[in-house]
Amino acid sequence: MKRIAIPALACAAALVGIAPALAEPPSGRWTAADRATEAVTGDVTFSPTMIRFQNDKTMPLAVAYTIHGTMVYKVTSPSNPVLINGNRICREVGNAPIRSVAVVDQGFGIHSIQFYTDAGGPHIKPRGMSDACAEHSYVTGSR
């Protein structure tokens with residue numbers, strides 16, 4: 001019995017160590033996947049420490065936590081920058097600062113970035129609903 005328990009425990013520990021790496025989105029240049037994203041953020045360069053928007057504005061990040069395979073980042077210098085064509089990421093909140101972002105793997109090489117004015121990031125909602133103030137989708141090249 002102990003022989004089985006020890007390998008099972010080691011296997012579980014190894015999986016826990018692997019889980020964060022599986023959820024981490026790919027770093028690099030991401031291409032806007034739809035017209036709304038093209039009009040607001042344009043293409044972005046993403047890394048776990050920063051989002052650089054097409055107009056060279058940046059949003060510094062720090063990994064906060066993972067929830068259901070989604071990486072949530074704290075914006076270390078909260079802002080709601082003016083981007084392409086004078087658009088802000090979260091238009092309906094005026095210039096309220098974005099305090100956290102969640103990066104969601106949509107599959108097929110598409111990732112979306114959800115932007116939150118709440119530092120707590122996403123909250124559990126019924127399927128298909130989000131409390132994000134904006135969400136933009138990108139082709140990440142990991143198809």
# chains A, B, ... in the order shown; residues from 1 in each chain; ligands from 1
$ closest_atom_pairs --of "range 77-138 of chain A" --to "range 53-62 of chain A" --cutoff "9 Å" --atoms "only C-alpha atoms" --output "tab-separated table"
residue	atom	partner	partner_atom	distance
A:Ser77	CA	A:Pro60	CA	6.2
A:Pro78	CA	A:Met59	CA	7.7
A:Ser79	CA	A:Met59	CA	7.5
A:Asn80	CA	A:Met59	CA	8.8
A:Pro81	CA	A:Lys57	CA	7.1
A:Val82	CA	A:Lys57	CA	8.2
A:Leu83	CA	A:Asn55	CA	6.3
A:Ile84	CA	A:Asn55	CA	6.5
A:Ser100	CA	A:Leu61	CA	8.2
A:Val101	CA	A:Leu61	CA	8.5
$ write_last_selection --atoms "all heavy atoms" --output "mmCIF file, in the first residue's frame"
data_model
loop_
_atom_site.group_PDB
_atom_site.id
_atom_site.type_symbol
_atom_site.label_atom_id
_atom_site.label_comp_id
_atom_site.auth_asym_id
_atom_site.auth_seq_id
_atom_site.Cartn_x
_atom_site.Cartn_y
_atom_site.Cartn_z
ATOM 1 N N SER A 77 0.876 49.475 -12.281
ATOM 2 C CA SER A 77 0.719 50.926 -12.341
ATOM 3 C C SER A 77 -0.621 51.174 -13.035
ATOM 4 O O SER A 77 -0.674 51.402 -14.248
ATOM 5 C CB SER A 77 1.875 51.559 -13.116
ATOM 6 O OG SER A 77 1.768 52.950 -13.105
ATOM 7 N N PRO A 78 -1.747 51.067 -12.271
ATOM 8 C CA PRO A 78 -3.075 51.128 -12.876
ATOM 9 C C PRO A 78 -3.278 52.363 -13.756
ATOM 10 O O PRO A 78 -2.893 53.472 -13.397
ATOM 11 C CB PRO A 78 -4.017 51.158 -11.673
ATOM 12 C CG PRO A 78 -3.237 50.490 -10.586
ATOM 13 C CD PRO A 78 -1.813 50.916 -10.823
ATOM 14 N N SER A 79 -3.874 52.112 -14.922
ATOM 15 C CA SER A 79 -4.189 53.195 -15.855
ATOM 16 C C SER A 79 -5.234 52.708 -16.847
ATOM 17 O O SER A 79 -5.556 51.526 -16.900
ATOM 18 C CB SER A 79 -2.928 53.637 -16.608
ATOM 19 O OG SER A 79 -2.487 52.612 -17.472
ATOM 20 N N ASN A 80 -5.778 53.620 -17.607
ATOM 21 C CA ASN A 80 -6.693 53.321 -18.702
ATOM 22 C C ASN A 80 -6.212 54.189 -19.863
ATOM 23 O O ASN A 80 -6.793 55.219 -20.160
ATOM 24 C CB ASN A 80 -8.133 53.644 -18.307
ATOM 25 C CG ASN A 80 -9.149 53.104 -19.301
ATOM 26 O OD1 ASN A 80 -8.794 52.616 -20.371
ATOM 27 N ND2 ASN A 80 -10.414 53.208 -18.950
ATOM 28 N N PRO A 81 -5.110 53.768 -20.503
ATOM 29 C CA PRO A 81 -4.443 54.647 -21.465
ATOM 30 C C PRO A 81 -5.280 54.950 -22.706
ATOM 31 O O PRO A 81 -6.125 54.162 -23.113
ATOM 32 C CB PRO A 81 -3.194 53.852 -21.843
ATOM 33 C CG PRO A 81 -3.555 52.430 -21.602
ATOM 34 C CD PRO A 81 -4.492 52.451 -20.435
ATOM 35 N N VAL A 82 -5.008 56.111 -23.281
ATOM 36 C CA VAL A 82 -5.601 56.467 -24.569
ATOM 37 C C VAL A 82 -4.801 55.717 -25.624
ATOM 38 O O VAL A 82 -3.573 55.813 -25.678
ATOM 39 C CB VAL A 82 -5.533 57.990 -24.805
ATOM 40 C CG1 VAL A 82 -6.074 58.328 -26.190
ATOM 41 C CG2 VAL A 82 -6.323 58.723 -23.730
ATOM 42 N N LEU A 83 -5.506 54.947 -26.452
ATOM 43 C CA LEU A 83 -4.838 54.115 -27.443
ATOM 44 C C LEU A 83 -5.162 54.607 -28.860
ATOM 45 O O LEU A 83 -5.245 55.812 -29.091
ATOM 46 C CB LEU A 83 -5.214 52.650 -27.219
ATOM 47 C CG LEU A 83 -4.826 52.097 -25.837
ATOM 48 C CD1 LEU A 83 -5.327 50.681 -25.655
ATOM 49 C CD2 LEU A 83 -3.319 52.154 -25.635
ATOM 50 N N ILE A 84 -5.355 53.703 -29.784
ATOM 51 C CA ILE A 84 -5.578 54.048 -31.190
ATOM 52 C C ILE A 84 -6.828 54.917 -31.354
ATOM 53 O O ILE A 84 -7.858 54.669 -30.719
ATOM 54 C CB ILE A 84 -5.688 52.760 -32.028
ATOM 55 C CG1 ILE A 84 -4.387 51.980 -31.952
ATOM 56 C CG2 ILE A 84 -6.028 53.073 -33.481
ATOM 57 C CD1 ILE A 84 -4.441 50.628 -32.611
ATOM 58 N N SER A 100 -6.541 45.148 -13.088
ATOM 59 C CA SER A 100 -6.175 43.751 -13.311
ATOM 60 C C SER A 100 -6.626 43.316 -14.696
ATOM 61 O O SER A 100 -7.532 43.923 -15.287
ATOM 62 C CB SER A 100 -6.781 42.839 -12.233
ATOM 63 O OG SER A 100 -8.179 42.924 -12.233
ATOM 64 N N VAL A 101 -5.957 42.285 -15.209
ATOM 65 C CA VAL A 101 -6.328 41.698 -16.489
ATOM 66 C C VAL A 101 -6.294 40.185 -16.353
ATOM 67 O O VAL A 101 -5.546 39.635 -15.538
ATOM 68 C CB VAL A 101 -5.405 42.142 -17.653
ATOM 69 C CG1 VAL A 101 -5.460 43.635 -17.865
ATOM 70 C CG2 VAL A 101 -3.988 41.677 -17.468
#
$ residues_around --residues "Phe46 in chain A" --least-positions-apart "6" --cutoff "8 Å" --atoms "only C-alpha atoms" --output "PyMOL selection string"
chain A and resi 26-30+52
$ atom_distance --atom1 "CA of Ile113 in chain A" --atom2 "CA of His136 in chain A"
5.5 Å
$ closest_residue --among "A:Thr45, A:Thr117, A:Asn85, A:Thr76" --to "Thr140 in chain A" --atoms "only C-alpha atoms"
A:Thr45
$ closest_residue --among "A:Cys133, A:Ala39, A:Ala33, A:Val63" --to "Gly94 in chain A" --atoms "only C-alpha atoms"
A:Cys133
